[in-house]
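All remarks here apply to the structure that follows.
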Amino acid sequence: MEGNQIGEAINYEKVRVNGYNLESIKSLKLETNINEHTVLNLTGILKNEVKDSDIASTTNNKTIEVYYVENESTTLFYGIVTNIEINVKFDVYMLNIEAKSMSYLMDIQLKSKSFQNISMTTHTLIKSIMQNYSDSNYIINIPDEEVKELLVQYEETDWEFLKRIASKYNQGLFPVMEGKKIQFVVAVPQQSKELKSENVNYKIRKDLEHYEYMHQNYLPDASEVDYITYEMESYVVLKLGDNIQFQGQNFYVYHGSYEIKDGTLINNYKLRIKNGLRQKRIFNTKVIGSSIDGKIIQVQSDLVRIHLEIDEVQDQGTAYWFKFSTMSASSDGSGWYCMPEIGDSVKVYFPTKDEDEAFAVSAVSGYEQGAGESEDRMGDPDNKYLRTTHDKQVKLTPDGIFISCDSGQADMSLTSDGTLSITSQNNIDINAEQNIKIEAQKSFLVSAKQGINFACDKGGGLEFDNSGNIKEKGTKVNNN
């Protein structure tokens, strides 16, 4: 859109519309802002031969083009029709249309997806989003550096998510209103225009309220001069983000309004210096208090890697290390340490608007009683279990405490009647640095199928062999 640089007026007869058969244009207005889709509001009189057929022909993603003709045709706006209305009065068919720039196509479908690779760069991240839009053109003017944090697109459109990414650098998205495909610039465009005549109407104002808000909350280095705004009226057609020389200073267009008034296209612009175009940090407040299900794919110390259900695939090597919440923990290492197993279902909880503060909580059981199991381990809520995938189990019931290893290879039970039972399929070893005392109020029974041997390091001992003999050993044996 390089035409009309000398400030000549464009009258309404030069303005045309593609997409609808209009006899004439009654009103036309365009509004363009940072982070917003350019909006067209158009009213025109339909030709008699089409009448209400334009309603039927306006289907999903129907496009409309507004252009003007001087030496050549120049597109002023190209976008998607979002609302259409036909009013009939005295047999005159009046068409009202609202349309948005092609960037609107990125702002329809809500999506949820995690970006767990903290080594991914900002440009790679944006390109991965834009892979969904093969027919698009975009320029990235923010640093291509590692994101260094967990990012989650949670019930957001791609446009909303990219606005958040740009806002991390206090920048915004600049839609290209004349683009015939999705076109935008991330951060201030690097495009200059020449304003050959400064003989234009303008006014100056300083937005101190906006300055204080941004300075106190988002931009500590903000200056009052950043929020001096020149509001200029001109015949020159400028784009959002255009850099122009005006009154001896470098200014950028941060708002544009284009309207046919008294038969002429009048353009109103708001200009600021470059720092005045900086944006506040945007957060997704919908994520606060939410949780996302996932499955454990790796465990390390008190950290876990998780394949979240919102992602089709998750590379284990680049997955984010989430902290795992436990019942009790302290900085000295005391407390409860019990990490989930690989394959366990967990939830990732987001306590604040910053998704990087998320952590994993409460493994969710998907247990169902197997065909070969005699007992439903979750059939009685009075019974409590701690069980690993390696067949180690502690069971607490109203009748006692039962510890089992490898399906009975080694068991121990402490029952409510005071009985302690230790069973092993191999050896039972009891060792003490000092003394072992075994005492019974009634009887003490020791039995073995092969033999019993009591011995000490000095050579003394008592042996009961499998032939029924009793052998006493020692340097000195006393019998009473």
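By order of appearance in the structure tokens: chains A, B, ..., then residues from 1 within every chain, and ligands from 1 in the order shown.
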>> Report as a list in words all protein, DNA and RNA residues lying within 7 Å of A:Ile266, evaluated on only C-alpha atoms, omitting residues in the same chain fewer than 5 positions from it.
In response: Ser234, Tyr235, Tyr258, Glu259, Ile260 and Lys261 of chain A
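Residues lying within 10 Å of stretch 66-71 of chain A, counting only C-alpha atoms and ignoring same-chain neighbours fewer than 3 positions away, are Gly3, Asn4, Ile10, Asn11, Tyr12, Glu13, Lys14, Val15, Arg16, Val17, Asn18, Gly19, Leu28, Leu40, Leu42, Thr74, Thr75, Leu76, Phe77, Tyr78, Gly79, Glu178 and Leu265 of chain A.
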>> Using only C-alpha atoms, which protein or nucleic acid residues come within 12 Å of A:Ile282? Drop anything in the same chain fewer than 3 positions from it, and give the result as a PyMOL selection string.
In response: chain A and resi 35+160-172+217-218+279+285+353-354
Please dump the current selection as a CSV table (one decimal), in the first residue's frame; keep N, CA and C atoms.
chain,number,residue,atom,x,y,z
A,35,ASN,N,-2.9,-5.6,19.0
A,35,ASN,CA,-3.5,-6.8,19.7
A,35,ASN,C,-5.0,-7.1,19.3
A,160,GLU,N,-4.9,-15.3,21.1
A,160,GLU,CA,-4.7,-15.0,22.5
A,160,GLU,C,-3.4,-15.5,23.1
A,161,PHE,N,-3.0,-16.7,22.7
A,161,PHE,CA,-1.8,-17.2,23.3
A,161,PHE,C,-0.6,-16.4,22.8
A,162,LEU,N,-0.6,-16.1,21.5
A,162,LEU,CA,0.6,-15.3,20.9
A,162,LEU,C,0.6,-13.9,21.5
A,163,LYS,N,-0.5,-13.4,21.8
A,163,LYS,CA,-0.5,-12.1,22.5
A,163,LYS,C,0.2,-12.2,23.9
A,164,ARG,N,-0.1,-13.3,24.6
A,164,ARG,CA,0.6,-13.5,25.9
A,164,ARG,C,2.1,-13.6,25.7
A,165,ILE,N,2.5,-14.4,24.7
A,165,ILE,CA,4.0,-14.5,24.4
A,165,ILE,C,4.6,-13.2,24.1
A,166,ALA,N,4.0,-12.4,23.3
A,166,ALA,CA,4.6,-11.1,22.9
A,166,ALA,C,4.6,-10.2,24.2
A,167,SER,N,3.6,-10.3,25.0
A,167,SER,CA,3.5,-9.4,26.2
A,167,SER,C,4.6,-9.7,27.2
A,168,LYS,N,5.3,-10.9,27.1
A,168,LYS,CA,6.4,-11.1,28.0
A,168,LYS,C,7.5,-10.2,27.7
A,169,TYR,N,7.5,-9.6,26.5
A,169,TYR,CA,8.5,-8.6,26.1
A,169,TYR,C,7.9,-7.2,26.1
A,170,ASN,N,6.7,-7.1,26.7
A,170,ASN,CA,5.9,-5.8,26.7
A,170,ASN,C,5.6,-5.4,25.2
A,171,GLN,N,5.4,-6.3,24.4
A,171,GLN,CA,5.1,-6.0,23.0
A,171,GLN,C,3.7,-6.6,22.6
A,172,GLY,N,3.2,-6.2,21.5
A,172,GLY,CA,1.9,-6.7,21.0
A,172,GLY,C,1.9,-7.2,19.6
A,217,ASN,N,2.9,-0.7,37.6
A,217,ASN,CA,2.6,-2.1,37.6
A,217,ASN,C,3.4,-2.9,36.6
A,218,TYR,N,3.8,-2.3,35.5
A,218,TYR,CA,4.4,-3.1,34.4
A,218,TYR,C,5.8,-2.6,33.9
A,279,GLN,N,3.3,-2.8,25.7
A,279,GLN,CA,2.1,-3.3,26.3
A,279,GLN,C,2.3,-3.9,27.7
A,285,THR,N,-6.0,-15.8,33.1
A,285,THR,CA,-6.6,-16.0,34.4
A,285,THR,C,-7.5,-17.3,34.4
A,353,LYS,N,-2.0,-17.4,38.2
A,353,LYS,CA,-2.1,-17.0,36.8
A,353,LYS,C,-0.8,-17.3,36.0
A,354,ASP,N,0.3,-17.6,36.7
A,354,ASP,CA,1.6,-17.9,36.1
A,354,ASP,C,1.7,-19.4,36.0
> If you run DSSP on this backbone, which residues of stretch 198-436 of chain A come out as strand (DSSP E), and could you give them as number ranges by chain?
Replying inline: A: 201-206, 228-234, 243-246, 249-261, 264-272, 291-300, 303-308, 321-323, 345-349, 359-364, 384-387, 392-397, 400-405, 410-415, 420-424
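Note that DSSP on the backbone gives helix (DSSP H, G or I) to these residues of stretch 125-174 of chain A: A:Leu125, A:Ile126, A:Lys127, A:Ser128, A:Ile129, A:Met130, A:Asp158, A:Trp159, A:Glu160, A:Phe161, A:Leu162, A:Lys163, A:Arg164, A:Ile165, A:Ala166, A:Ser167.
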> With only C-alpha atoms as the basis for distance, which of A:Lys181, A:Pro220, A:Glu98, A:Glu155 is at the shortest distance from A:Asp135?
Replying inline: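 When distances to A:Asp135 are compared using only C-alpha atoms, the smallest one comes from A:Lys181.
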> Which of these, A:Gly263, A:Ile401, A:Thr388, A:Tyr202, has the shortest distance to A:Ser27 once you count only C-alpha atoms?
Replying inline: A:Gly263
>> Taking 6 positions as the minimum chain separation for residues in the same chain, which residues sit within 12 Å of A:Tyr211 when counting only C-alpha atoms? Answer as a ChimeraX atom specification.
In response: /A:217-229,275-280
Write out, as a PDB file, in the first residue's frame, the residues just selected, with C-alpha atoms.
ATOM      1  CA  ASN A 217       2.584  -2.101  37.565  1.00  0.00           C
ATOM      2  CA  TYR A 218       4.419  -3.142  34.415  1.00  0.00           C
ATOM      3  CA  LEU A 219       7.085  -0.732  33.162  1.00  0.00           C
ATOM      4  CA  PRO A 220       9.283   0.755  35.899  1.00  0.00           C
ATOM      5  CA  ASP A 221      11.355   2.526  33.239  1.00  0.00           C
ATOM      6  CA  ALA A 222       8.322   4.194  31.635  1.00  0.00           C
ATOM      7  CA  SER A 223       8.511   7.954  31.182  1.00  0.00           C
ATOM      8  CA  GLU A 224       5.753  10.552  30.903  1.00  0.00           C
ATOM      9  CA  VAL A 225       6.976  11.445  27.431  1.00  0.00           C
ATOM     10  CA  ASP A 226       6.092   7.900  26.292  1.00  0.00           C
ATOM     11  CA  TYR A 227       2.419   8.740  26.805  1.00  0.00           C
ATOM     12  CA  ILE A 228       2.300  11.983  24.865  1.00  0.00           C
ATOM     13  CA  THR A 229      -0.107  11.268  22.021  1.00  0.00           C
ATOM     14  CA  ASN A 275       8.310   3.252  23.926  1.00  0.00           C
ATOM     15  CA  GLY A 276       4.709   4.441  24.073  1.00  0.00           C
ATOM     16  CA  LEU A 277       3.630   1.349  22.123  1.00  0.00           C
ATOM     17  CA  ARG A 278       4.768  -1.061  24.840  1.00  0.00           C
ATOM     18  CA  GLN A 279       2.081  -3.337  26.255  1.00  0.00           C
ATOM     19  CA  LYS A 280       1.317  -4.638  29.729  1.00  0.00           C
TER      20      LYS A 280
END
